[in-house]
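Down below is the structure, laid out as structure tokens.
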Amino acid sequence: MITIDNTSYISKNWARRIFGVKPEFIVIHHWGGFGQKAENVAHYLATNNVPVSAHFVIDATHCYQLVDTMNQAWHAMSGNAKGIGIECRPEADSADIEAVAQLIAYLWGRYGYMPLRRHNEFTATACPGKWQALMGHLETRACHYWRQNPAGKKPIPNTAPIPLALRDLTGEEIEKIAWEVYRGQHGNGEARKAILGKNYNAIQARVNEIVYGKKQPPAQPVNNYIEILAQRVIRGDFGNGEARKRALGSNYAAVQARVNQILGG
């Protein structure tokens, strides 16, 4: 299990919780830039003059506590009063996940089960980045360490399903998921990258082959501009539903018709 260091970095940015109020949920953050060390982030949060802090800063090998959990840290706006804030390594590899899961299990052991919340539930932000797609897996792993389900009664299995972002895929699985992406599953842009994780490059390369490697000519002459927009829709550039309609404007009907033609074969 992790060891919590509650002496190396102590933040001055905190407030007392209302008397008798205990933490009710855990807010998952990431600290933004890849390649930063946990101790550097903890040092900044402990010494900066900006009103921002967190209860914990953690990676696979270090866990720093900056604010007592019975006090408020300043990390999630309206989530401060009843939340515990955990700043996580943005790379979110499997070792990071296990460490954060152990910390969550420790907090559950102290306060009872508390749901996991994302930073972007409280304010408009890209945080928690890659962790957003891993929340369910993180909770499952925390339950594994807690040795009880959220109701606190039944033992849970010692293993948990590995999310797509962390799995080592076979060629057959990459092919299958690439076609799912082609048909509009698994999101777009940064959301797709978070969901596909370590497999993103291989899957996206196969998607590009599917989209741009078609040999058959279109059944009828196609406006080049509409064709380009249609291929970009398939690639995920314009989102879905109303967002796509707004992005394409007056070209929506023609582009969507071409998309349907391509996907329908």
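Order determines the names: the first chain of the structure tokens is A, the second B, and so forth; residues in each chain are numbered 1 upward, and ligands are numbered 1 upward as they are shown.
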* Determine, counting only C-alpha atoms, which protein, DNA and RNA residues have an atom within 9 Å of an atom of Gly187 of chain A; residues of the same chain fewer than 5 positions away are not included. Present the result as a ChimeraX atom specification. => /A:181,192-193,195,236,239
Next, write the just-selected residues to a file, as a CSV table (one decimal), in the first residue's frame, keeping all heavy atoms as the atom set.
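Just written: part_15.csv:
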chain,number,residue,atom,x,y,z
A,181,VAL,N,-14.8,3.0,-34.5
A,181,VAL,CA,-14.5,4.5,-34.6
A,181,VAL,C,-15.0,5.0,-35.9
A,181,VAL,O,-15.6,6.1,-36.0
A,181,VAL,CB,-13.0,4.7,-34.5
A,181,VAL,CG1,-12.6,6.2,-34.9
A,181,VAL,CG2,-12.5,4.4,-33.1
A,192,ARG,N,-11.5,10.9,-27.7
A,192,ARG,CA,-11.2,9.6,-28.4
A,192,ARG,C,-9.8,9.2,-27.9
A,192,ARG,O,-9.5,8.0,-27.6
A,192,ARG,CB,-11.2,9.8,-29.9
A,192,ARG,CG,-10.8,8.5,-30.6
A,192,ARG,CD,-10.8,8.6,-32.1
A,192,ARG,NE,-12.1,9.0,-32.7
A,192,ARG,CZ,-12.3,9.4,-33.9
A,192,ARG,NH1,-11.2,9.4,-34.8
A,192,ARG,NH2,-13.5,9.7,-34.3
A,193,LYS,N,-8.8,10.2,-27.8
A,193,LYS,CA,-7.5,9.8,-27.4
A,193,LYS,C,-7.5,9.3,-26.0
A,193,LYS,O,-6.8,8.3,-25.6
A,193,LYS,CB,-6.6,11.1,-27.4
A,193,LYS,CG,-6.2,11.5,-28.8
A,193,LYS,CD,-5.3,12.7,-28.8
A,193,LYS,CE,-4.9,13.1,-30.2
A,193,LYS,NZ,-4.0,14.3,-30.2
A,195,ILE,N,-10.0,7.7,-24.5
A,195,ILE,CA,-10.7,6.4,-24.4
A,195,ILE,C,-9.8,5.3,-25.0
A,195,ILE,O,-9.7,4.2,-24.5
A,195,ILE,CB,-12.0,6.5,-25.3
A,195,ILE,CG1,-13.0,7.4,-24.5
A,195,ILE,CG2,-12.6,5.1,-25.5
A,195,ILE,CD1,-14.2,7.7,-25.4
A,236,GLY,N,-14.2,12.6,-37.5
A,236,GLY,CA,-14.6,13.1,-36.2
A,236,GLY,C,-14.4,14.6,-35.9
A,236,GLY,O,-14.5,15.0,-34.8
A,239,GLY,N,-17.8,16.7,-34.6
A,239,GLY,CA,-18.7,16.2,-33.6
A,239,GLY,C,-19.9,15.5,-34.1
A,239,GLY,O,-19.9,14.9,-35.2
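Here the residues within segment 28-148 of chain A that DSSP labels strand (DSSP E) on the basis of the backbone are Ile28, His29, His30, Phe56, Val57, Ile58, Cys63, Tyr64, Gln65, Asn71, Gln72, Ala73, Gly83, Ile84, Gly85, Ile86, Glu87, Cys88, Leu116, Arg117 and Arg118 of chain A.
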* **atom CA of Ala15 of chain A to atom CA of Asn49 of chain A, straight-line distance in Å** =>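 The value is 14.8 Å.
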* To do: Could you check how far atom CA of Phe25 of chain A sits from atom CA of Arg110 of chain A, in Å to one decimal?
  => 12.6 Å
